[in-house]
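Peer 1: Okay, so here is entry.csv, and as you'll see once you scroll down, it has CSV, C-alpha atoms.
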chain,number,residue,atom,x,y,z
A,1,MET,CA,-37.4,-16.3,12.2
A,2,THR,CA,-33.9,-15.9,13.4
A,3,ALA,CA,-32.5,-12.5,14.1
A,4,LYS,CA,-30.5,-12.7,10.9
A,5,GLU,CA,-33.6,-13.5,8.9
A,6,GLN,CA,-35.5,-10.7,10.6
A,7,ILE,CA,-32.8,-8.2,9.6
A,8,ILE,CA,-32.7,-9.3,6.0
A,9,SER,CA,-36.5,-9.4,5.7
A,10,SER,CA,-36.8,-5.9,7.2
A,11,ILE,CA,-34.4,-4.3,4.7
A,12,GLU,CA,-35.9,-6.1,1.7
A,13,ASP,CA,-39.5,-5.4,2.7
A,14,HIS,CA,-38.9,-1.7,3.1
A,15,ILE,CA,-36.6,-1.2,0.1
A,16,ASP,CA,-39.2,0.8,-1.9
A,17,ALA,CA,-39.5,3.3,1.0
A,18,TYR,CA,-35.7,3.6,1.3
A,19,MET,CA,-35.3,4.2,-2.4
A,20,ASN,CA,-38.1,6.9,-2.2
A,21,ILE,CA,-35.8,8.6,0.4
A,22,VAL,CA,-32.9,8.3,-2.1
A,23,GLN,CA,-35.0,9.7,-4.9
A,24,THR,CA,-36.5,12.6,-2.9
A,25,LEU,CA,-33.0,13.7,-1.7
A,26,TYR,CA,-31.7,13.4,-5.3
A,27,ASP,CA,-34.5,15.6,-6.6
A,28,ASN,CA,-34.1,18.1,-3.8
A,29,PRO,CA,-30.4,18.4,-2.9
A,30,GLU,CA,-29.5,20.7,0.0
A,31,ILE,CA,-25.9,21.7,0.7
A,32,GLY,CA,-24.2,21.6,4.1
A,33,ASN,CA,-25.9,23.3,7.0
A,34,GLU,CA,-29.0,23.9,4.7
A,35,GLU,CA,-30.4,20.4,4.8
A,36,PHE,CA,-33.6,21.4,6.7
A,37,GLU,CA,-36.1,19.6,4.5
A,38,THR,CA,-33.9,16.5,4.3
A,39,MET,CA,-33.7,16.5,8.1
A,40,LYS,CA,-37.5,16.7,8.4
A,41,LEU,CA,-37.9,13.8,5.9
A,42,LEU,CA,-35.5,11.5,7.8
A,43,VAL,CA,-36.8,12.4,11.2
A,44,ASN,CA,-40.4,11.8,10.2
A,45,TYR,CA,-39.5,8.4,8.8
A,46,LEU,CA,-37.6,7.4,12.0
A,47,THR,CA,-40.5,8.7,14.2
A,48,GLN,CA,-43.0,6.6,12.3
A,49,ALA,CA,-40.6,3.6,12.6
A,50,GLY,CA,-40.8,3.9,16.4
A,51,PHE,CA,-37.6,5.9,17.3
A,52,ASP,CA,-37.6,8.7,19.8
A,53,THR,CA,-36.3,11.6,17.6
A,54,GLN,CA,-34.8,15.0,18.1
A,55,SER,CA,-34.4,17.6,15.3
A,56,ALA,CA,-31.8,20.4,15.2
A,57,TYR,CA,-29.6,18.1,17.4
A,58,VAL,CA,-26.3,19.8,18.3
A,59,VAL,CA,-26.3,21.7,14.9
A,60,PRO,CA,-29.4,23.2,13.1
A,61,THR,CA,-29.7,20.4,10.6
A,62,GLY,CA,-28.5,17.5,12.7
A,63,PHE,CA,-30.9,14.9,14.3
A,64,LEU,CA,-30.9,11.9,16.6
A,65,GLY,CA,-33.1,8.8,16.5
A,66,THR,CA,-33.0,6.7,19.7
A,67,TYR,CA,-34.3,3.3,20.5
A,68,ASP,CA,-33.5,2.2,24.1
A,69,THR,CA,-34.3,-1.4,25.2
A,70,HIS,CA,-33.8,-0.3,28.8
A,71,LYS,CA,-31.8,-3.4,29.3
A,72,PRO,CA,-28.0,-3.7,29.8
A,73,GLY,CA,-26.0,-3.8,26.6
A,74,PRO,CA,-23.9,-1.8,24.2
A,75,THR,CA,-24.8,1.6,22.6
A,76,ILE,CA,-24.5,1.3,18.8
A,77,ALA,CA,-24.6,4.4,16.5
A,78,VAL,CA,-25.4,4.3,12.8
A,79,MET,CA,-24.4,7.5,11.0
A,80,CYS,CA,-26.3,9.2,8.2
A,81,GLU,CA,-24.8,11.8,5.9
A,82,TYR,CA,-27.1,13.8,3.6
A,83,ASP,CA,-25.5,17.1,2.4
A,84,ALA,CA,-25.2,17.6,-1.3
A,85,LEU,CA,-22.7,19.5,-3.4
A,86,PRO,CA,-23.2,22.7,-5.3
A,87,GLU,CA,-23.9,22.2,-9.0
A,88,VAL,CA,-23.7,18.4,-9.0
A,89,GLY,CA,-26.3,17.6,-6.3
A,90,HIS,CA,-25.7,14.3,-4.6
A,91,GLY,CA,-22.5,13.6,-6.5
A,92,CYS,CA,-21.0,12.1,-3.4
A,93,GLY,CA,-23.9,9.7,-2.8
A,94,HIS,CA,-24.9,11.1,0.6
A,95,ASN,CA,-28.6,10.6,-0.3
A,96,LEU,CA,-27.8,6.9,-0.4
A,97,ILE,CA,-25.8,7.0,2.8
A,98,ALA,CA,-28.8,8.5,4.6
A,99,ALA,CA,-31.1,5.7,3.3
A,100,ILE,CA,-28.5,3.0,4.2
A,101,GLY,CA,-28.4,4.4,7.8
A,102,VAL,CA,-32.2,4.5,8.1
A,103,ALA,CA,-32.5,1.0,6.7
A,104,THR,CA,-29.8,-0.4,9.1
A,105,GLY,CA,-31.4,1.4,12.1
A,106,GLU,CA,-34.9,0.1,11.3
A,107,ALA,CA,-33.6,-3.5,10.9
A,108,ILE,CA,-31.6,-3.5,14.1
A,109,LYS,CA,-34.5,-1.9,16.0
A,110,GLY,CA,-36.6,-5.0,15.1
A,111,ILE,CA,-34.1,-7.4,16.9
A,112,ILE,CA,-32.2,-5.5,19.6
A,113,ASP,CA,-34.8,-6.1,22.4
A,114,GLN,CA,-33.5,-9.7,22.3
A,115,PHE,CA,-30.1,-8.6,23.3
A,116,GLY,CA,-30.4,-5.3,25.2
A,117,GLY,CA,-28.6,-2.0,24.8
A,118,LYS,CA,-29.3,1.2,22.9
A,119,LEU,CA,-29.5,2.1,19.2
A,120,LEU,CA,-28.8,5.5,17.8
A,121,VAL,CA,-29.4,6.8,14.3
A,122,VAL,CA,-27.3,10.0,14.1
A,123,GLY,CA,-27.9,12.5,11.4
A,124,THR,CA,-24.5,14.1,10.7
A,125,PRO,CA,-24.9,17.0,8.2
A,126,ALA,CA,-22.4,19.1,6.3
A,127,GLU,CA,-19.7,16.5,5.9
A,128,GLU,CA,-18.3,18.1,2.8
A,129,ASN,CA,-17.0,21.3,4.4
A,130,PHE,CA,-18.3,22.0,7.9
A,131,GLY,CA,-18.0,18.8,9.7
A,132,GLY,CA,-21.2,17.9,11.4
A,133,LYS,CA,-19.5,14.9,13.0
A,134,VAL,CA,-16.8,17.1,14.4
A,135,SER,CA,-19.4,19.3,16.1
A,136,MET,CA,-21.2,16.2,17.5
A,137,ALA,CA,-18.0,14.6,18.6
A,138,ASN,CA,-17.0,17.8,20.4
A,139,ALA,CA,-20.5,18.0,22.0
A,140,GLY,CA,-20.0,14.5,23.5
A,141,VAL,CA,-22.6,12.7,21.3
A,142,PHE,CA,-20.2,9.7,20.8
A,143,ASP,CA,-18.7,9.7,24.3
A,144,ASP,CA,-20.8,6.8,25.5
A,145,VAL,CA,-21.1,5.0,22.2
A,146,ASP,CA,-19.4,1.6,21.8
A,147,VAL,CA,-19.4,1.4,18.0
A,148,ALA,CA,-20.3,3.8,15.2
A,149,LEU,CA,-20.8,2.5,11.7
A,150,MET,CA,-21.6,3.7,8.1
A,151,VAL,CA,-21.0,2.8,4.5
A,152,HIS,CA,-20.1,5.2,1.7
A,153,PRO,CA,-21.1,4.5,-2.0
A,154,GLY,CA,-18.6,4.6,-4.8
A,155,VAL,CA,-16.8,2.5,-7.4
A,156,LYS,CA,-15.8,-0.5,-5.2
A,157,ASN,CA,-16.8,-2.7,-2.4
A,158,GLY,CA,-14.5,-2.4,0.6
A,159,VAL,CA,-14.1,-2.2,4.4
A,160,GLY,CA,-12.8,1.4,4.5
A,161,GLY,CA,-9.5,2.9,5.1
A,162,ARG,CA,-7.4,5.7,6.5
A,163,SER,CA,-8.2,9.3,5.9
A,164,ASN,CA,-5.9,12.3,6.1
A,165,ALA,CA,-6.0,15.0,8.8
A,166,LEU,CA,-7.0,18.3,7.2
A,167,ASN,CA,-6.0,21.8,8.4
A,168,PRO,CA,-7.8,24.4,6.3
A,169,ILE,CA,-6.0,27.8,6.6
A,170,LYS,CA,-6.8,31.2,5.1
A,171,PHE,CA,-4.0,33.7,4.6
A,172,GLU,CA,-5.2,37.4,4.3
A,173,PHE,CA,-2.9,40.1,3.1
A,174,PHE,CA,-3.2,43.9,3.8
A,175,GLY,CA,-1.4,46.4,1.7
A,176,LYS,CA,-2.2,49.9,0.4
A,177,ASN,CA,-4.2,50.9,-2.6
A,178,ALA,CA,-2.7,53.2,-5.2
A,179,HIS,CA,-3.3,54.1,-8.9
A,180,GLY,CA,-1.6,51.6,-11.2
A,181,CYS,CA,0.5,54.5,-12.7
A,182,HIS,CA,1.7,55.5,-9.2
A,183,PRO,CA,2.6,52.1,-7.7
A,184,ASP,CA,5.3,53.8,-5.5
A,185,LEU,CA,2.4,55.1,-3.4
A,186,GLY,CA,1.0,51.7,-2.8
A,187,ARG,CA,1.9,48.3,-1.3
A,188,SER,CA,0.6,45.3,-3.3
A,189,ALA,CA,-1.2,42.7,-1.2
A,190,LEU,CA,-1.4,40.7,-4.4
A,191,ASP,CA,2.3,40.6,-4.9
A,192,ALA,CA,2.7,39.2,-1.4
A,193,ALA,CA,-0.1,36.6,-2.1
A,194,VAL,CA,1.5,35.5,-5.4
A,195,MET,CA,4.9,35.1,-3.8
A,196,SER,CA,3.4,33.3,-0.9
A,197,TYR,CA,1.5,31.0,-3.3
A,198,LEU,CA,4.7,30.1,-5.0
A,199,GLN,CA,6.7,29.6,-1.9
A,200,ILE,CA,4.0,27.4,-0.2
A,201,ASN,CA,3.9,25.3,-3.4
A,202,LEU,CA,7.7,24.8,-3.1
A,203,LEU,CA,7.1,23.2,0.3
A,204,ARG,CA,5.6,20.2,-1.3
A,205,GLN,CA,9.0,18.8,-2.4
A,206,PHE,CA,10.2,18.8,1.2
A,207,ALA,CA,7.0,17.3,2.8
A,208,ASN,CA,6.8,13.7,4.0
A,209,PRO,CA,5.2,11.2,1.6
A,210,HIS,CA,1.4,11.0,1.5
A,211,THR,CA,0.9,14.6,2.5
A,212,TYR,CA,-0.8,17.2,0.4
A,213,ILE,CA,-0.7,21.0,0.1
A,214,HIS,CA,-3.2,22.6,-2.2
A,215,GLY,CA,-4.6,26.1,-2.4
A,216,ILE,CA,-6.1,28.9,-4.4
A,217,ILE,CA,-5.9,32.7,-4.8
A,218,LYS,CA,-9.3,33.6,-3.4
A,219,ASP,CA,-9.0,37.4,-3.7
A,220,GLY,CA,-6.6,39.2,-5.9
A,221,GLY,CA,-7.9,42.7,-6.5
A,222,GLN,CA,-10.8,44.3,-8.4
A,223,ALA,CA,-9.3,46.3,-11.2
A,224,ALA,CA,-6.0,46.1,-13.2
A,225,ASN,CA,-5.3,49.8,-12.7
A,226,VAL,CA,-5.5,49.7,-8.9
A,227,ILE,CA,-2.7,48.3,-6.7
A,228,PRO,CA,-4.6,45.7,-4.7
A,229,GLY,CA,-4.7,46.6,-1.0
A,230,TYR,CA,-6.2,43.2,-0.1
A,231,ALA,CA,-5.6,39.7,-1.3
A,232,SER,CA,-6.2,36.2,0.2
A,233,LEU,CA,-5.2,32.6,-0.2
A,234,GLU,CA,-7.2,29.5,0.9
A,235,TYR,CA,-5.2,26.3,1.6
A,236,TYR,CA,-5.7,22.7,2.6
A,237,PHE,CA,-2.8,21.1,4.5
A,238,ARG,CA,-3.3,17.4,4.6
A,239,ALA,CA,-1.2,14.7,6.4
A,240,PRO,CA,-1.6,11.3,7.9
A,241,LYS,CA,-1.7,13.0,11.4
A,242,MET,CA,-2.9,16.4,12.4
A,243,SER,CA,0.4,17.1,14.2
A,244,TYR,CA,2.2,17.0,10.8
A,245,ALA,CA,-0.5,19.0,9.0
A,246,LYS,CA,0.0,21.7,11.6
A,247,TYR,CA,3.8,21.5,11.2
A,248,LEU,CA,3.4,22.2,7.5
A,249,THR,CA,1.1,25.0,8.3
A,250,GLU,CA,3.7,26.5,10.6
A,251,ARG,CA,6.4,26.3,7.9
A,252,ALA,CA,4.1,28.0,5.4
A,253,THR,CA,3.2,30.7,7.9
A,254,LYS,CA,6.9,31.5,8.5
A,255,ALA,CA,7.4,31.8,4.7
A,256,VAL,CA,4.5,34.1,4.4
A,257,GLU,CA,5.8,36.2,7.3
A,258,GLY,CA,9.1,36.8,5.5
A,259,ILE,CA,7.4,37.6,2.2
A,260,CYS,CA,5.1,40.1,3.8
A,261,LEU,CA,8.1,41.8,5.4
A,262,ALA,CA,9.8,42.0,2.0
A,263,ASN,CA,6.7,43.6,0.5
A,264,GLU,CA,5.9,45.9,3.4
A,265,VAL,CA,2.4,44.4,3.9
A,266,THR,CA,0.8,42.7,6.9
A,267,PHE,CA,-1.1,39.4,7.0
A,268,LYS,CA,-3.2,37.2,9.3
A,269,THR,CA,-4.3,33.6,9.2
A,270,SER,CA,-7.5,31.9,10.2
A,271,VAL,CA,-9.2,28.5,10.1
A,272,TYR,CA,-11.8,29.0,7.4
A,273,GLU,CA,-13.4,25.6,7.4
A,274,CYS,CA,-13.7,22.7,9.9
A,275,PRO,CA,-10.4,20.8,10.6
A,276,TYR,CA,-10.7,17.0,10.2
A,277,GLU,CA,-8.8,14.4,12.2
A,278,ASP,CA,-7.4,11.3,10.5
A,279,THR,CA,-9.4,8.1,10.8
A,280,LEU,CA,-8.3,5.4,13.2
A,281,ILE,CA,-8.8,2.0,11.7
A,282,ASN,CA,-10.4,-0.8,13.7
A,283,TYR,CA,-9.3,-4.0,12.0
A,284,THR,CA,-11.6,-6.2,14.1
A,285,LEU,CA,-14.6,-4.3,12.8
A,286,ALA,CA,-13.2,-4.4,9.3
A,287,ASP,CA,-12.8,-8.1,9.4
A,288,ILE,CA,-16.4,-8.5,10.5
A,289,LEU,CA,-17.8,-6.3,7.7
A,290,MET,CA,-15.6,-8.2,5.2
A,291,GLU,CA,-17.1,-11.5,6.5
A,292,LYS,CA,-20.6,-10.2,6.2
A,293,TYR,CA,-20.1,-8.8,2.7
A,294,GLN,CA,-18.8,-12.2,1.7
A,295,GLU,CA,-21.8,-14.0,3.2
A,296,LEU,CA,-24.0,-11.7,1.1
A,297,GLY,CA,-22.2,-12.8,-2.0
A,298,LEU,CA,-20.2,-9.6,-2.7
A,299,THR,CA,-17.0,-10.0,-4.6
A,300,ASP,CA,-13.8,-8.0,-5.2
A,301,ILE,CA,-14.0,-6.6,-1.7
A,302,ALA,CA,-11.0,-4.3,-1.0
A,303,PRO,CA,-9.2,-4.7,2.3
A,304,VAL,CA,-8.4,-1.7,4.5
A,305,GLU,CA,-6.7,1.1,2.5
A,306,GLU,CA,-3.6,1.9,4.4
A,307,VAL,CA,-2.6,5.0,2.4
A,308,ALA,CA,-5.0,7.9,2.7
A,309,ALA,CA,-6.0,10.3,0.0
A,310,GLY,CA,-9.0,12.4,1.1
A,311,SER,CA,-10.3,13.6,4.4
A,312,THR,CA,-13.6,13.1,6.3
A,313,ASP,CA,-15.2,14.2,9.5
A,314,VAL,CA,-15.6,10.5,10.4
A,315,GLY,CA,-12.1,10.9,11.8
A,316,ALA,CA,-13.5,12.8,14.7
A,317,VAL,CA,-15.8,10.0,15.6
A,318,SER,CA,-13.0,7.4,15.4
A,319,TYR,CA,-11.2,9.2,18.2
A,320,LYS,CA,-14.3,8.8,20.4
A,321,CYS,CA,-15.3,5.2,19.8
A,322,ALA,CA,-14.6,2.2,17.6
A,323,THR,CA,-15.6,3.3,14.1
A,324,ILE,CA,-15.9,1.9,10.6
A,325,GLN,CA,-16.8,3.5,7.3
A,326,GLY,CA,-17.1,0.8,4.7
A,327,ASN,CA,-17.6,1.1,0.9
A,328,ILE,CA,-20.2,-0.2,-1.5
A,329,LYS,CA,-20.0,-0.2,-5.3
A,330,ILE,CA,-22.8,1.5,-7.2
A,331,ALA,CA,-20.9,2.6,-10.3
A,332,ASP,CA,-18.0,1.5,-12.6
A,333,SER,CA,-14.5,2.7,-12.1
A,334,HIS,CA,-14.7,5.4,-14.8
A,335,VAL,CA,-17.3,7.3,-12.8
A,336,GLY,CA,-15.7,10.0,-10.7
A,337,ALA,CA,-16.7,11.1,-7.3
A,338,HIS,CA,-18.4,14.5,-6.9
A,339,THR,CA,-20.0,14.2,-10.4
A,340,LYS,CA,-23.5,14.2,-11.8
A,341,GLU,CA,-22.8,10.7,-13.0
A,342,MET,CA,-22.2,9.5,-9.5
A,343,ALA,CA,-25.4,11.2,-8.4
A,344,ALA,CA,-27.3,9.4,-11.1
A,345,ALA,CA,-25.9,6.1,-9.9
A,346,THR,CA,-27.6,6.5,-6.5
A,347,ILE,CA,-31.0,6.2,-8.1
A,348,SER,CA,-30.0,3.4,-10.6
A,349,PRO,CA,-30.6,-0.3,-10.1
A,350,ALA,CA,-27.0,-0.6,-9.0
A,351,GLY,CA,-27.7,2.1,-6.4
A,352,LYS,CA,-30.7,0.1,-5.1
A,353,GLN,CA,-28.6,-3.1,-4.9
A,354,GLY,CA,-25.9,-1.2,-3.2
A,355,LEU,CA,-28.3,0.0,-0.6
A,356,LEU,CA,-29.5,-3.5,0.1
A,357,SER,CA,-26.0,-4.9,0.4
A,358,ALA,CA,-24.6,-2.1,2.5
A,359,ALA,CA,-27.6,-2.0,5.0
A,360,LYS,CA,-27.5,-5.8,5.3
A,361,GLY,CA,-23.7,-5.7,5.8
A,362,LEU,CA,-23.9,-3.1,8.5
A,363,ALA,CA,-26.9,-4.7,10.3
A,364,LEU,CA,-25.3,-8.2,10.3
A,365,THR,CA,-22.1,-6.6,11.6
A,366,ILE,CA,-24.1,-5.1,14.5
A,367,LEU,CA,-25.8,-8.4,15.1
A,368,GLU,CA,-22.4,-10.1,15.5
A,369,LEU,CA,-21.5,-7.5,18.2
A,370,LEU,CA,-24.8,-8.0,20.0
A,371,GLU,CA,-24.7,-11.8,19.8
A,372,LYS,CA,-21.0,-12.1,20.8
A,373,PRO,CA,-20.0,-9.9,23.7
A,374,GLU,CA,-16.4,-11.2,23.4
A,375,VAL,CA,-16.2,-9.8,19.9
A,376,LEU,CA,-17.5,-6.4,21.0
A,377,ALA,CA,-14.9,-6.5,23.8
A,378,ALA,CA,-12.1,-7.1,21.3
A,379,VAL,CA,-13.4,-4.2,19.1
A,380,LYS,CA,-13.3,-1.9,22.1
A,381,ALA,CA,-9.9,-3.1,23.3
A,382,GLU,CA,-8.5,-2.4,19.8
A,383,HIS,CA,-9.9,1.1,19.9
A,384,GLN,CA,-8.3,1.9,23.2
A,385,GLU,CA,-5.0,0.7,21.9
A,386,ASN,CA,-5.4,2.9,18.8
A,387,ILE,CA,-6.1,5.9,21.0
A,388,GLN,CA,-3.0,5.2,23.1
A,389,LYS,CA,-0.8,4.9,20.0
A,390,ALA,CA,-2.3,8.1,18.4
A,391,THR,CA,-1.7,10.0,21.6
A,392,ALA,CA,1.9,8.8,21.9
A,393,ILE,CA,2.6,9.9,18.2
A,394,ASP,CA,1.1,13.3,18.7
A,395,ALA,CA,3.0,13.8,21.9
What's the structure tokens form of this structure?

Peer 2:
Amino acid sequence: MTAKEQIISSIEDHIDAYMNIVQTLYDNPEIGNEEFETMKLLVNYLTQAGFDTQSAYVVPTGFLGTYDTHKPGPTIAVMCEYDALPEVGHGCGHNLIAAIGVATGEAIKGIIDQFGGKLLVVGTPAEENFGGKVSMANAGVFDDVDVALMVHPGVKNGVGGRSNALNPIKFEFFGKNAHGCHPDLGRSALDAAVMSYLQINLLRQFANPHTYIHGIIKDGGQAANVIPGYASLEYYFRAPKMSYAKYLTERATKAVEGICLANEVTFKTSVYECPYEDTLINYTLADILMEKYQELGLTDIAPVEEVAAGSTDVGAVSYKCATIQGNIKIADSHVGAHTKEMAAATISPAGKQGLLSAAKGLALTILELLEKPEVLAAVKAEHQENIQKATAIDA
């Protein structure tokens, strides 16, 4: 068989095992940084498939599966996500992402000895809030990687798109408790928080297009007859680049400072979740995945989405190596992300077909890079150009 035929055969022959992974994770969802049983399941599978594996890699629920040909060649990383959401379980489809990553890795392992290089299957937990990929990128996991790939399930086929940088900031307010009938003896942390909430919301009108400011009153007091001595807000500042997200944060902080002065309370800020970088687009990789999806018979494939909406820790990887996060359709457009309906779609016939198509698309993209060094060189050259542009913008 040709390498392409071997890849397709591997994925199709093991589909029941991959769907068993999807179902097991669906039945036993674990939220970010608590995916210990999920990590064990995926590591055991990769070990049996012939990978050298490491558990608790960089972070407690991360892992690494390595297959080294010990021949010259590129280092390719396939990323797995597997954290669930509270209440809705795998409403973001990370159980399917994990199986797609394992399937892609196993298929490439079967053919990579013909070409040389090293294959990594990287378990990147806690994407939703705590940024497993950020921790791994900071630890140097992707420093020597040439290309990193993954596919996310949803309501459309596509080759990925931009994501917003995210700066998560907590504002804490410190006043003085007093009886509600003697407010003159207290200083209301809640008043400062409410005024800050209103003022920060007013910043939205004056922010650049495609930026987002959204937050909540996290703490506002415990009893109506007590002047609250403590209150807090939690905010997300999102923008196409982290430099602008931080600029918005600075403007908000200045506003809060003035409000606290007016209310005679103090405040402090902290980063309460993991900040996410924007995602750098590699159009060469996107073109390859588009071509492979078309070869597989997929239709209505969305091109690169140039306007970002959400944020993802994939951005951190894209600043280390050429990166792509494609999309695969497993549900109709009326099904929302982060819902029980999306979770159910992962174990449906459409979810199974999505797994097959996504894994084949990724594996055939990797094959193209292995077979054609000049294409890999073009991918890497574009990445270097992207880094230079991003550095110039932030400067």

Peer 1: When you look at Glu87 (chain A) with a cut-off of 12 Å (counting only C-alpha atoms), what residues show up, excluding the ones that are within fewer than 6 positions of it in the same chain? I need them as a PyMOL selection string.

Peer 2: chain A and resi 29-31+338-340+343

Peer 1: Using all atoms listed in the file, determine which residues lie at most 12 Å from region 2-7 of chain A, disregarding the query and same-chain residues fewer than 2 positions distant; provide the list as a PyMOL selection string.

Peer 2: chain A and resi 9-14+103-115+292+295-296+356-357+359-368+370-371

Peer 1: Pick from A:Ala239, A:Ile227, A:Ala316, A:Ala344: nearest to Asp184 (chain A), with only C-alpha atoms counted?

Peer 2: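 Result for the nearest residue to Asp184 (chain A): A:Ile227.
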
Peer 1: Contacts of Thr346 (chain A) at 12 Å or less, counting all atoms listed in the file, minus same-chain residues fewer than 5 places along, as a compact mmCIF listing (two decimals) with C-alpha atoms, in the frame of the given file?

Peer 2:
# COMPACT_ATOMS: atom_id res chain seq x y z
CA TYR A 18 -35.70 3.60 1.30
CA MET A 19 -35.30 4.20 -2.40
CA ASN A 20 -38.10 6.90 -2.20
CA ILE A 21 -35.80 8.60 0.40
CA VAL A 22 -32.90 8.30 -2.10
CA GLN A 23 -35.00 9.70 -4.90
CA THR A 24 -36.50 12.60 -2.90
CA LEU A 25 -33.00 13.70 -1.70
CA TYR A 26 -31.70 13.40 -5.30
CA ASP A 27 -34.50 15.60 -6.60
CA GLY A 89 -26.30 17.60 -6.30
CA HIS A 90 -25.70 14.30 -4.60
CA GLY A 91 -22.50 13.60 -6.50
CA CYS A 92 -21.00 12.10 -3.40
CA GLY A 93 -23.90 9.70 -2.80
CA HIS A 94 -24.90 11.10 0.60
CA ASN A 95 -28.60 10.60 -0.30
CA LEU A 96 -27.80 6.90 -0.40
CA ILE A 97 -25.80 7.00 2.80
CA ALA A 98 -28.80 8.50 4.60
CA ALA A 99 -31.10 5.70 3.30
CA ILE A 100 -28.50 3.00 4.20
CA HIS A 152 -20.10 5.20 1.70
CA PRO A 153 -21.10 4.50 -2.00
CA GLY A 154 -18.60 4.60 -4.80
CA VAL A 155 -16.80 2.50 -7.40
CA ILE A 328 -20.20 -0.20 -1.50
CA LYS A 329 -20.00 -0.20 -5.30
CA ILE A 330 -22.80 1.50 -7.20
CA ALA A 331 -20.90 2.60 -10.30
CA ALA A 337 -16.70 11.10 -7.30
CA THR A 339 -20.00 14.20 -10.40
CA LYS A 340 -23.50 14.20 -11.80
CA GLU A 341 -22.80 10.70 -13.00
CA GLY A 351 -27.70 2.10 -6.40
CA LYS A 352 -30.70 0.10 -5.10
CA GLN A 353 -28.60 -3.10 -4.90
CA GLY A 354 -25.90 -1.20 -3.20
CA LEU A 355 -28.30 0.00 -0.60

Peer 1: Using all atoms listed in the file, which protein or nucleic acid residues come within 10 Å of Arg251 (chain A)? Drop anything in the same chain fewer than 5 positions from it, and give the result as a list in words.

Peer 2: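 Listed by chain and then number, they are Ile200, Leu203, Lys246, Val256 and Glu257 of chain A.
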
Peer 1: List the neighbours of Asp68 (chain A) out to 8 Å using only C-alpha atoms; skip same-chain residues closer than 3 positions along the sequence, and give me the result as a list in words.

Peer 2: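 The residues that qualify are Lys71, Gly117, Lys118 and Leu119 of chain A.
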
Peer 1: I'd like the interatomic distance between CA of Pro209 (chain A) and CA of Gly161 (chain A), to a tenth of an Å.

Peer 2: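 Between CA of Pro209 (chain A) and CA of Gly161 (chain A) the gap works out to 17.2 Å.
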
Peer 1: State, in Å with one decimal place, the distance from CA of Thr61 (chain A) to CA of Phe36 (chain A).

Peer 2: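 Computing the Euclidean distance for CA of Thr61 (chain A) and CA of Phe36 (chain A) yields 5.6 Å.
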
Peer 1: Enter the distance from CA of Ile213 (chain A) to CA of Asn201 (chain A), in Å, rounded to one decimal.

Peer 2: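 These two atoms are separated by 7.2 Å.
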
Peer 1: Hey, which of A:Gly101, A:Gly32, A:Gly50, A:Gly175 ends up closest to Pro125 (chain A)? Count all atoms listed in the file.

Peer 2: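 Distance minimum relative to Pro125 (chain A) lands on A:Gly32.
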
Peer 1: Check the smallest atom-to-atom distance from each of A:Ile259, A:Tyr230, A:Leu120, A:Leu185 to Pro74 (chain A) using all atoms listed in the file, then report the winner.

Peer 2: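 Among the listed residues, the smallest separation from Pro74 (chain A) belongs to A:Leu120.
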
Peer 1: Measuring atom to atom with only C-alpha atoms, identify which of A:Leu166, A:Ala390, A:Ala178, A:Ala148 is nearest to Val271 (chain A).

Peer 2: A:Leu166

Peer 1: Calculated over all atoms listed in the file, which of the candidates A:Ala322, A:Met290, A:Val58, A:Ile301 has the smallest distance to Asp144 (chain A)?

Peer 2: A:Ala322

Peer 1: Using all atoms listed in the file, which of A:Thr124, A:Thr249, A:Asn177, A:Thr47 sits nearest Arg204 (chain A)?

Peer 2: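 Among the listed residues, the smallest separation from Arg204 (chain A) belongs to A:Thr249.
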
Peer 1: Can you give me N, CA and C atoms for region 287-294 of chain A, written as an mmCIF file, in the coordinates of the input?

Peer 2:
data_model
loop_
_atom_site.group_PDB
_atom_site.id
_atom_site.type_symbol
_atom_site.label_atom_id
_atom_site.label_comp_id
_atom_site.auth_asym_id
_atom_site.auth_seq_id
_atom_site.Cartn_x
_atom_site.Cartn_y
_atom_site.Cartn_z
ATOM 1 N N ASP A 287 -12.717 -6.703 9.720
ATOM 2 C CA ASP A 287 -12.800 -8.100 9.400
ATOM 3 C C ASP A 287 -14.234 -8.643 9.501
ATOM 4 N N ILE A 288 -15.001 -8.101 10.435
ATOM 5 C CA ILE A 288 -16.400 -8.500 10.500
ATOM 6 C C ILE A 288 -17.186 -8.088 9.320
ATOM 7 N N LEU A 289 -17.024 -6.820 8.903
ATOM 8 C CA LEU A 289 -17.800 -6.300 7.700
ATOM 9 C C LEU A 289 -17.343 -7.126 6.485
ATOM 10 N N MET A 290 -16.058 -7.434 6.358
ATOM 11 C CA MET A 290 -15.600 -8.200 5.200
ATOM 12 C C MET A 290 -16.313 -9.599 5.210
ATOM 13 N N GLU A 291 -16.408 -10.215 6.367
ATOM 14 C CA GLU A 291 -17.100 -11.500 6.500
ATOM 15 C C GLU A 291 -18.546 -11.413 6.084
ATOM 16 N N LYS A 292 -19.217 -10.367 6.529
ATOM 17 C CA LYS A 292 -20.600 -10.200 6.200
ATOM 18 C C LYS A 292 -20.860 -9.913 4.751
ATOM 19 N N TYR A 293 -20.001 -9.092 4.178
ATOM 20 C CA TYR A 293 -20.100 -8.800 2.700
ATOM 21 C C TYR A 293 -19.941 -10.149 1.959
ATOM 22 N N GLN A 294 -18.994 -10.967 2.364
ATOM 23 C CA GLN A 294 -18.800 -12.200 1.700
ATOM 24 C C GLN A 294 -19.999 -13.148 1.827
#
